[in-house]
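What follows is the content of entry.txt, which has compact mmCIF, C-alpha atoms and all ligand atoms:
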```txt
# COMPACT_ATOMS: atom_id res chain seq x y z
CA MET E 364 136.21 120.11 72.78
CA ASN E 365 137.24 123.47 74.30
CA ARG E 366 135.56 125.01 77.32
CA ASP E 367 133.34 127.42 75.31
CA HIS E 368 132.19 124.61 73.07
CA ARG E 369 131.44 122.36 76.02
CA GLY E 370 129.53 125.18 77.67
CA GLU E 371 127.40 125.67 74.55
CA MET E 372 126.62 121.96 74.37
CA GLU E 373 125.64 121.88 78.05
CA ARG E 374 123.38 124.88 77.48
CA ARG E 375 121.63 123.01 74.66
CA VAL E 376 121.29 119.76 76.63
CA ASP E 377 119.90 121.64 79.65
CA GLY E 378 117.57 123.65 77.41
CA ILE E 379 116.20 120.57 75.66
CA ASN E 380 115.66 118.75 78.96
CA ARG E 381 113.94 121.80 80.49
CA LEU E 382 111.62 122.08 77.47
CA LEU E 383 110.88 118.35 77.53
CA ARG E 384 109.81 118.71 81.16
CA LYS E 385 107.67 121.68 80.22
CA THR E 386 106.08 119.71 77.36
CA GLY E 387 105.37 116.89 79.78
CA ARG E 388 105.12 114.06 77.24
CA PRO E 389 107.32 112.10 74.82
CA VAL E 390 108.07 113.91 71.57
CA LYS E 391 108.28 112.49 68.04
CA LEU E 392 110.71 114.24 65.70
CA MET E 393 111.39 113.12 62.15
CA GLU E 394 114.84 113.65 60.70
CA VAL E 395 113.92 113.69 57.04
CA CYS E 396 117.31 112.81 55.66
CA GLY E 397 119.44 109.68 56.02
CA THR E 398 122.57 111.78 56.64
CA HIS E 399 120.86 113.14 59.75
CA THR E 400 119.85 109.63 60.87
CA VAL E 401 123.47 108.51 60.79
CA ALA E 402 124.76 111.74 62.39
CA ILE E 403 122.26 111.46 65.25
CA PHE E 404 123.50 107.93 65.93
CA ARG E 405 127.17 108.82 65.51
CA HIS E 406 127.00 111.74 67.92
CA GLY E 407 125.10 109.67 70.51
CA ILE E 408 122.19 112.14 70.54
CA ARG E 409 119.47 109.47 70.82
CA GLY E 410 120.88 108.21 74.09
CA LEU E 411 120.88 111.71 75.61
CA PHE E 412 117.12 112.21 75.26
CA PRO E 413 115.08 109.03 75.80
CA GLU E 414 111.86 111.11 75.72
CA ILE E 415 112.51 112.01 72.07
CA SER E 416 111.77 109.48 69.32
CA PHE E 417 114.00 110.37 66.39
CA LEU E 418 112.24 108.78 63.41
CA SER E 419 113.84 108.38 60.00
CA GLY E 420 112.06 109.97 57.09
CA PRO E 421 111.90 109.41 53.34
CA GLY E 422 115.14 111.29 52.54
CA CYS E 423 117.40 108.39 51.56
CA PRO E 424 117.57 108.18 47.74
CA VAL E 425 118.59 104.54 47.70
CA CYS E 426 115.70 103.59 49.99
CA VAL E 427 113.00 105.29 47.94
CA THR E 428 114.05 104.34 44.39
CA ALA E 429 111.21 102.17 43.11
CA LYS E 430 111.80 98.54 42.28
CA SER E 431 110.39 99.16 38.81
CA ASP E 432 113.12 101.78 38.24
CA ILE E 433 115.85 99.39 39.41
CA ASP E 434 114.43 96.80 37.01
CA SER E 435 114.35 99.32 34.15
CA SER E 436 117.99 100.23 34.78
CA ILE E 437 118.90 96.52 34.70
CA LEU E 438 117.02 96.01 31.43
CA ILE E 439 118.75 99.03 29.90
CA SER E 440 122.16 97.75 31.03
CA ARG E 441 121.50 94.51 29.12
CA GLU E 442 120.91 96.34 25.82
CA PRO E 443 123.68 96.08 23.20
CA ASP E 444 126.39 98.78 23.17
CA VAL E 445 125.21 100.25 26.48
CA THR E 446 127.34 101.41 29.40
CA LEU E 447 125.19 102.13 32.44
CA MET E 448 126.73 104.35 35.12
CA THR E 449 125.45 105.22 38.58
CA PHE E 450 126.44 105.98 42.16
CA GLY E 451 127.97 103.10 44.15
CA ASP E 452 125.09 102.87 46.63
CA MET E 453 122.68 101.90 43.86
CA MET E 454 124.60 98.80 42.82
CA ARG E 455 123.28 96.47 45.52
CA VAL E 456 119.69 97.68 45.68
CA PRO E 457 117.47 94.69 44.97
CA GLY E 458 114.85 94.91 42.23
CA SER E 459 112.71 92.01 41.12
CA LEU E 460 115.25 91.24 38.35
CA GLY E 461 118.21 91.20 40.76
CA SER E 462 120.55 94.14 41.20
CA LEU E 463 122.90 96.18 39.04
CA ASP E 464 125.76 94.38 40.79
CA ARG E 465 124.37 91.08 39.56
CA ALA E 466 123.74 92.48 36.08
CA ARG E 467 127.41 93.44 35.96
CA ALA E 468 128.48 89.99 37.15
CA GLU E 469 126.36 88.53 34.34
CA GLY E 470 128.19 90.60 31.75
CA ALA E 471 126.44 93.98 31.53
CA ASP E 472 128.72 97.01 31.32
CA VAL E 473 127.75 98.74 34.59
CA LYS E 474 130.15 101.22 36.16
CA VAL E 475 130.22 103.22 39.38
CA VAL E 476 130.87 106.95 39.18
CA TYR E 477 131.33 109.64 41.81
CA SER E 478 129.78 112.33 39.64
CA PRO E 479 127.45 112.46 36.62
CA LEU E 480 130.18 114.49 34.92
CA ASP E 481 132.25 111.26 34.85
CA ALA E 482 129.46 109.69 32.78
CA VAL E 483 129.61 112.57 30.30
CA ALA E 484 133.39 112.11 30.05
CA GLU E 485 132.83 108.38 29.36
CA ALA E 486 130.34 109.24 26.59
CA GLY E 487 132.97 111.55 25.06
CA ARG E 488 135.63 108.83 25.14
CA ARG E 489 133.36 106.02 23.94
CA ARG E 490 131.36 107.39 21.02
CA ASP E 491 130.70 103.80 19.91
CA ARG E 492 128.58 103.17 23.04
CA ARG E 493 125.37 104.58 24.48
CA VAL E 494 126.20 105.85 27.95
CA VAL E 495 123.27 106.00 30.37
CA PHE E 496 123.50 107.70 33.75
CA PHE E 497 120.99 106.24 36.23
CA ALA E 498 120.21 109.51 37.99
CA THR E 499 119.01 109.11 41.57
CA GLY E 500 118.93 111.57 44.43
CA PHE E 501 117.23 114.66 45.82
CA GLU E 502 117.56 118.38 45.25
CA THR E 503 121.20 118.28 46.39
CA THR E 504 122.26 116.09 43.48
CA ILE E 505 119.96 117.34 40.73
CA PRO E 506 121.91 120.54 39.83
CA LEU E 507 124.97 118.39 39.18
CA VAL E 508 122.98 116.19 36.81
CA ALA E 509 121.66 119.31 35.06
CA ALA E 510 125.28 120.49 34.72
CA ALA E 511 126.13 117.11 33.16
CA LEU E 512 123.31 117.56 30.63
CA GLU E 513 124.62 121.03 29.87
CA MET E 514 128.11 119.64 29.32
CA ALA E 515 126.84 116.82 27.08
CA ARG E 516 124.95 119.34 24.96
CA SER E 517 127.89 121.72 24.65
CA SER E 518 130.07 118.77 23.61
CA CYS E 519 127.42 117.75 21.00
CA LEU E 520 127.24 114.22 22.44
CA ASP E 521 124.37 112.20 21.00
CA ASN E 522 125.27 109.06 22.96
CA PHE E 523 124.63 110.40 26.49
CA PHE E 524 121.32 109.69 28.24
CA ILE E 525 119.95 109.91 31.73
CA TYR E 526 117.31 107.77 33.40
CA SER E 527 115.88 110.23 35.89
CA VAL E 528 114.42 108.97 39.13
CA HIS E 529 115.10 112.21 40.98
CA LYS E 530 112.90 112.91 43.97
CA LEU E 531 111.78 116.09 45.72
CA VAL E 532 111.59 116.48 49.50
CA PRO E 533 108.66 118.93 50.06
CA PRO E 534 105.99 116.89 48.19
CA ALA E 535 107.03 113.79 50.15
CA LEU E 536 106.56 115.64 53.45
CA ARG E 537 103.16 116.89 52.33
CA ALA E 538 102.10 113.32 51.48
CA LEU E 539 103.37 112.08 54.82
CA LEU E 540 101.41 114.69 56.77
CA ALA E 541 98.29 114.23 54.63
CA ASP E 542 98.45 110.54 55.55
CA GLY E 543 98.19 111.68 59.16
CA ARG E 544 99.25 108.46 60.90
CA ALA E 545 102.77 109.31 62.03
CA GLY E 546 101.70 111.78 64.73
CA LEU E 547 104.85 113.86 64.38
CA ASP E 548 105.66 116.83 66.60
CA GLY E 549 108.31 118.36 64.35
CA PHE E 550 110.74 117.99 61.47
CA ILE E 551 114.52 118.22 61.43
CA LEU E 552 115.01 119.36 57.83
CA PRO E 553 118.11 118.59 55.74
CA GLY E 554 120.71 121.35 55.40
CA HIS E 555 122.13 120.24 52.06
CA VAL E 556 118.78 119.94 50.23
CA SER E 557 117.73 123.26 51.75
CA ALA E 558 120.93 124.95 50.55
CA ILE E 559 119.50 124.42 47.05
CA ILE E 560 115.77 125.01 47.55
CA GLY E 561 115.87 127.40 50.53
CA ALA E 562 113.53 127.40 53.53
CA ARG E 563 110.45 128.84 51.82
CA PRO E 564 109.23 125.63 50.12
CA TYR E 565 108.63 124.15 53.58
CA GLY E 566 106.25 126.95 54.61
CA PHE E 567 103.20 124.69 54.26
CA LEU E 568 104.40 122.51 57.15
CA ALA E 569 103.62 125.29 59.63
CA GLU E 570 100.91 127.12 57.68
CA GLU E 571 98.75 124.14 56.65
CA PHE E 572 99.69 121.42 59.13
CA HIS E 573 100.85 123.46 62.15
CA ILE E 574 104.02 121.37 62.45
CA PRO E 575 107.25 123.05 63.62
CA ALA E 576 110.31 122.55 61.44
CA VAL E 577 113.97 123.52 61.67
CA VAL E 578 116.58 123.30 58.92
CA THR E 579 119.94 122.35 60.30
CA GLY E 580 123.37 120.93 59.50
CA PHE E 581 124.97 117.63 60.36
CA GLU E 582 127.44 118.43 63.14
CA ALA E 583 126.48 117.54 66.71
CA GLU E 584 126.08 121.18 67.76
CA GLU E 585 123.94 121.94 64.71
CA ILE E 586 121.60 119.01 65.35
CA MET E 587 121.40 119.92 69.04
CA GLU E 588 120.63 123.55 68.23
CA GLY E 589 117.97 122.46 65.72
CA THR E 590 116.42 120.14 68.31
CA LEU E 591 116.44 122.92 70.91
CA MET E 592 114.71 125.29 68.50
CA LEU E 593 112.09 122.63 67.72
CA LEU E 594 111.45 121.98 71.42
CA GLU E 595 110.99 125.72 72.02
CA GLN E 596 108.24 125.74 69.40
CA ILE E 597 106.63 122.53 70.64
CA ALA E 598 106.64 123.65 74.27
CA SER E 599 105.04 126.98 73.37
CA GLY E 600 102.50 125.44 70.97
CA SER E 601 103.75 127.46 68.00
CA ALA E 602 104.71 126.30 64.51
CA ARG E 603 107.26 128.00 62.26
CA VAL E 604 109.90 127.00 59.74
CA GLU E 605 113.23 128.15 61.17
CA VAL E 606 116.82 127.87 60.00
CA ALA E 607 119.60 126.83 62.38
CA TYR E 608 122.05 126.65 59.48
CA LYS E 609 122.05 130.22 58.28
CA LYS E 610 125.62 130.17 56.98
CA VAL E 611 124.45 127.81 54.21
CA VAL E 612 120.66 128.07 53.85
CA LYS E 613 118.87 131.17 52.60
CA ASP E 614 115.11 131.70 52.38
CA PHE E 615 115.03 131.44 48.59
CA GLY E 616 117.83 128.93 48.06
CA ASN E 617 120.46 128.93 45.34
CA GLN E 618 118.86 130.66 42.38
CA LYS E 619 121.57 129.63 39.93
CA ALA E 620 121.14 125.95 40.79
CA LEU E 621 117.35 126.23 40.71
CA SER E 622 117.30 127.84 37.27
CA LEU E 623 119.65 125.13 35.96
CA ILE E 624 117.25 122.48 37.30
CA ASP E 625 114.31 124.31 35.77
CA ARG E 626 115.97 124.44 32.36
CA TYR E 627 116.06 120.65 32.09
CA PHE E 628 113.46 119.14 34.40
CA GLU E 629 109.78 119.27 35.18
CA PRO E 630 107.81 117.65 38.04
CA PHE E 631 105.83 114.47 37.62
CA ASP E 632 104.01 112.02 39.89
CA ALA E 633 106.84 109.74 41.00
CA GLN E 634 106.75 106.25 42.45
CA TRP E 635 108.46 105.89 45.86
CA ARG E 636 109.53 102.45 46.98
CA GLY E 637 107.31 101.14 49.76
CA ILE E 638 105.22 104.31 49.75
CA GLY E 639 103.57 104.55 46.34
CA THR E 640 102.91 107.40 43.97
CA ILE E 641 103.30 110.94 45.34
CA PRO E 642 101.94 113.80 43.22
CA GLY E 643 104.60 116.14 41.80
CA SER E 644 107.38 114.45 43.76
CA GLY E 645 109.77 113.51 40.96
CA LEU E 646 111.62 115.30 38.19
CA LYS E 647 111.76 114.07 34.62
CA LEU E 648 113.41 115.60 31.58
CA LYS E 649 111.39 118.24 29.75
CA GLY E 650 110.10 117.21 26.34
CA GLU E 651 112.58 119.40 24.49
CA TRP E 652 115.42 117.26 25.89
CA SER E 653 113.79 113.92 25.07
CA GLY E 654 116.79 112.99 22.93
CA MET E 655 118.72 112.50 26.19
CA ASP E 656 115.92 110.68 27.99
CA ALA E 657 116.83 107.01 28.45
CA GLU E 658 113.24 106.10 29.33
CA ARG E 659 112.16 107.14 25.84
CA ALA E 660 115.28 106.03 24.00
CA PHE E 661 114.94 102.51 25.42
CA ASN E 662 111.15 102.49 25.53
CA MET E 663 110.97 101.59 29.21
CA SER E 664 107.45 101.35 30.50
CA LEU E 665 107.56 99.11 33.58
CA GLN E 666 104.66 99.95 35.84
CA PRO E 667 104.93 99.84 39.64
CA ASP E 668 102.43 96.99 39.79
CA ASP E 669 104.82 94.93 37.67
CA CYS E 670 107.28 94.98 40.58
CA PRO E 671 105.61 94.46 43.97
CA ASP E 672 107.55 95.43 47.09
CA ASP E 673 109.43 92.79 49.07
CA LYS E 674 107.24 90.55 51.18
CA GLY E 675 107.81 91.10 54.86
CA CYS E 676 109.89 94.26 54.36
CA SER E 677 108.67 97.24 56.38
CA CYS E 678 110.74 99.93 54.63
CA GLY E 679 107.60 101.82 53.58
CA ASP E 680 106.34 102.08 57.15
CA ILE E 681 109.80 103.04 58.41
CA LEU E 682 110.16 105.83 55.84
CA ARG E 683 106.75 107.18 56.92
CA GLY E 684 107.66 107.19 60.60
CA LEU E 685 105.19 104.41 61.44
CA LYS E 686 107.71 101.78 62.50
CA LEU E 687 111.30 101.49 63.68
CA PRO E 688 113.69 99.12 61.88
CA VAL E 689 113.85 96.86 64.94
CA GLU E 690 110.11 96.30 64.60
CA CYS E 691 110.61 94.56 61.25
CA ARG E 692 110.59 90.81 61.83
CA LEU E 693 113.39 90.35 59.26
CA PHE E 694 115.73 92.89 60.88
CA GLY E 695 119.08 91.36 61.78
CA SER E 696 117.96 87.84 60.85
CA ALA E 697 116.88 87.38 57.23
CA CYS E 698 117.91 90.97 56.49
CA THR E 699 121.41 92.26 57.25
CA PRO E 700 123.79 94.62 55.41
CA ASP E 701 125.50 91.57 53.84
CA HIS E 702 122.17 90.12 52.71
CA PRO E 703 119.72 93.01 52.44
CA VAL E 704 116.08 92.22 51.73
CA GLY E 705 114.94 95.83 51.41
CA ALA E 706 116.63 99.00 50.26
CA CYS E 707 116.74 100.56 53.77
CA MET E 708 119.40 97.97 54.67
CA VAL E 709 121.52 98.66 51.57
CA SER E 710 122.55 102.28 51.79
CA THR E 711 124.88 103.39 54.57
CA GLU E 712 122.31 106.14 55.11
CA GLY E 713 119.37 103.76 55.18
CA SER E 714 117.56 103.63 58.50
CA CYS E 715 117.86 99.84 58.87
CA ALA E 716 121.57 99.85 58.03
CA ALA E 717 122.15 102.66 60.54
CA TYR E 718 120.29 100.82 63.30
CA TYR E 719 122.24 97.67 62.48
CA LYS E 720 125.62 99.43 62.38
CA TYR E 721 125.09 101.22 65.66
CA GLY E 722 124.22 97.99 67.36
CA ILE E 723 120.52 98.21 67.96
CA GLN E 724 119.86 94.64 67.01
CA ALA E 725 117.31 93.51 69.55
CA LYS E 726 113.66 94.38 69.46
CA GLY E 727 112.67 96.69 72.25
CA ARG E 728 115.94 98.61 72.42
CA ALA E 729 114.74 101.41 70.21
CA ASP E 730 114.71 104.74 71.95
CA GLY E 731 111.34 106.18 72.74
CA LYS E 732 109.42 103.01 71.97
S1 LIG V 801 115.13 95.19 58.13
FE1 LIG V 801 115.28 94.70 55.94
S2 LIG V 801 113.33 93.78 55.42
FE2 LIG V 801 113.04 94.89 57.36
S3 LIG V 801 112.39 96.93 56.78
FE3 LIG V 801 114.59 97.02 56.94
S4 LIG V 801 115.29 96.63 54.84
FE4 LIG V 801 113.15 95.97 54.92
```
Rewrite the structure of this file - the entire thing - as structure tokens.
Ligand code: SF4
Amino acid sequence: MNRDHRGEMERRVDGINRLLRKTGRPVKLMEVCGTHTVAIFRHGIRGLFPEISFLSGPGCPVCVTAKSDIDSSILISREPDVTLMTFGDMMRVPGSLGSLDRARAEGADVKVVYSPLDAVAEAGRRRDRRVVFFATGFETTIPLVAAALEMARSSCLDNFFIYSVHKLVPPALRALLADGRAGLDGFILPGHVSAIIGARPYGFLAEEFHIPAVVTGFEAEEIMEGTLMLLEQIASGSARVEVAYKKVVKDFGNQKALSLIDRYFEPFDAQWRGIGTIPGSGLKLKGEWSGMDAERAFNMSLQPDDCPDDKGCSCGDILRGLKLPVECRLFGSACTPDHPVGACMVSTEGSCAAYYKYGIQAKGRADGK
């Protein structure tokens, strides 16, 4: 770290501490995205500000994919002539029928890909098989899946399908605030999602709920700057949506990516693991593309009630900012990264896995609690 850089960091630390003193009470900030949760741990930011509770939000795709959707993907993978492809993080997520990892061990053709375009390439190579991409993720990932659909169409592939469990960030935040129990003072909003959707879709946070919000990146200085900007709003009693990541995030987002999403997908009321149904919070394929919709092609109709959440798992409360991972009675005992009970312990970006990895294994050691 050079002298200028160190000076900037000291300015931010001093500024945050001064504003915390001015506020005169502990502050609850929610970092919506799992990448931020991990970055805040990695950069040691929690330890710098014991008066700030950094709470994990619902922005970890692995954590919020409903059990019923994991089960559907397992059932599809067991169909004849099917190759099911997905991101590596999804393989170990437990459903009530096991996991995709176990389905593979039992003989299903399940493969890990780094990109949905790899699944299209597989469908091109293996015209004798039905290739299904289990499409998870938020606004960051969805344009890539839309590009895969575009590529499958232009290659005239009739053996490529997606099972879409895509989720949208703004409706989840609205549901969280409407619930009203978390008592949040501000949001640290994800830079990568916002690079696609822009800052405008978050306007309701300030306008309707009077909650300050700052979009920022994932480097230490970006998170610190975002936190400083949030504290300035909190200390002055104002509420705006601001961007501390202007090199990447524009007010209206990436129009090309948004129109590609709009060509293929439409919102629907999606099921979030541990949370329930959130209006308009998912994206499914538009009717005109139903030929590529795995849910229709394989007649999947598992309802959430068919797959109750794990007994004793507090993921839902953690994703809503109501609990910390260390407050789950299974944390670090019955539930560890090697033997996860809930999805928040599976993904490297899951809140429970992050707390475990960074060594907060005893109850009562959580910052701000
Ligand atoms: S520690 Fe395990 S069981 Fe508890 S909330 Fe986290 S994932 Fe669920």
Using all atoms listed in the file, tabulate the residues of chain E lying at most 6 Å from any atom of ligand LIG 801 (chain V), each with its closest atom pair and that distance in Å to one decimal, by chain and increasing residue number, as CSV.
```
residue,atom,partner,partner_atom,distance
E:Cys676,CA,V:LIG801,S2,3.6
E:Ser677,CA,V:LIG801,S3,3.8
E:Cys678,CA,V:LIG801,S3,4.0
E:Pro688,CA,V:LIG801,FE3,5.4
E:Cys691,CA,V:LIG801,FE2,4.6
E:Leu693,CA,V:LIG801,FE2,4.9
E:Phe694,CA,V:LIG801,S1,3.6
E:Cys698,CA,V:LIG801,FE1,4.6
E:Pro703,CA,V:LIG801,FE1,5.9
E:Val704,CA,V:LIG801,S2,4.9
E:Gly705,CA,V:LIG801,S4,3.5
E:Ala706,CA,V:LIG801,S4,5.3
E:Cys707,CA,V:LIG801,S4,4.3
E:Met708,CA,V:LIG801,S4,4.3
E:Cys715,CA,V:LIG801,FE3,4.7
```
Considering all atoms listed in the file, return as a PyMOL selection string whatever protein or nucleic-acid residues lie within 8 Å of segment 595-604 of chain E, sequence-local ones (same chain, fewer than 3 positions apart) excluded.
chain E and resi 382-383+385-386+548-549+562+565-566+568-570+573-578+591-592
Computed interatomic separation between atom CA of Gln634 of chain E and atom CA of Pro424 of chain E (Å)
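Interatomic distance here is 12.2 Å.
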Write out, as JSON lines, each residue of segment 566-653 of chain E that has an atom at most 12 Å from segment 417-420 of chain E, together with the closest pair of atoms and their distance in Å to one decimal, counting all atoms listed in the file, rows going by chain and rising number.
```
{"residue": "E:Ile586", "atom": "CA", "partner": "E:Phe417", "partner_atom": "CA", "distance": 11.6}
{"residue": "E:Thr590", "atom": "CA", "partner": "E:Phe417", "partner_atom": "CA", "distance": 10.2}
{"residue": "E:Ile638", "atom": "CA", "partner": "E:Gly420", "partner_atom": "CA", "distance": 11.5}
```
Take the selection from the previous step and output its residues with C-alpha atoms, as a CSV table (one decimal), in the coordinates of the input.
```csv
chain,number,residue,atom,x,y,z
E,586,ILE,CA,121.6,119.0,65.4
E,590,THR,CA,116.4,120.1,68.3
E,638,ILE,CA,105.2,104.3,49.8
```
Which residues, written as a compact mmCIF listing (two decimals) with C-alpha atoms, in the frame of the given file, have at least one atom at most 8 Å from His529 of chain E, with all atoms listed in the file counted and residues fewer than 6 positions away on the same chain left out?
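Saved to out_15.txt:
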```
# COMPACT_ATOMS: atom_id res chain seq x y z
CA ALA E 498 120.21 109.51 37.99
CA THR E 499 119.01 109.11 41.57
CA GLY E 500 118.93 111.57 44.43
CA PHE E 501 117.23 114.66 45.82
CA GLU E 502 117.56 118.38 45.25
CA ILE E 505 119.96 117.34 40.73
CA GLY E 645 109.77 113.51 40.96
CA LEU E 646 111.62 115.30 38.19
CA LYS E 647 111.76 114.07 34.62
```
Tell me, as a JSON list (two decimals) with C-alpha atoms, in the frame of the given file, which residues lie within 12 Å of Ala468 of chain E, counting all atoms listed in the file; anything in the same chain fewer than 4 positions away does not count.
```
[["chain", "number", "residue", "atom", "x", "y", "z"],
["E", 437, "ILE", "CA", 118.90, 96.52, 34.70],
["E", 440, "SER", "CA", 122.16, 97.75, 31.03],
["E", 441, "ARG", "CA", 121.50, 94.51, 29.12],
["E", 454, "MET", "CA", 124.60, 98.80, 42.82],
["E", 455, "ARG", "CA", 123.28, 96.47, 45.52],
["E", 461, "GLY", "CA", 118.21, 91.20, 40.76],
["E", 462, "SER", "CA", 120.55, 94.14, 41.20],
["E", 463, "LEU", "CA", 122.90, 96.18, 39.04],
["E", 464, "ASP", "CA", 125.76, 94.38, 40.79],
["E", 472, "ASP", "CA", 128.72, 97.01, 31.32],
["E", 473, "VAL", "CA", 127.75, 98.74, 34.59],
["E", 474, "LYS", "CA", 130.15, 101.22, 36.16]]
```
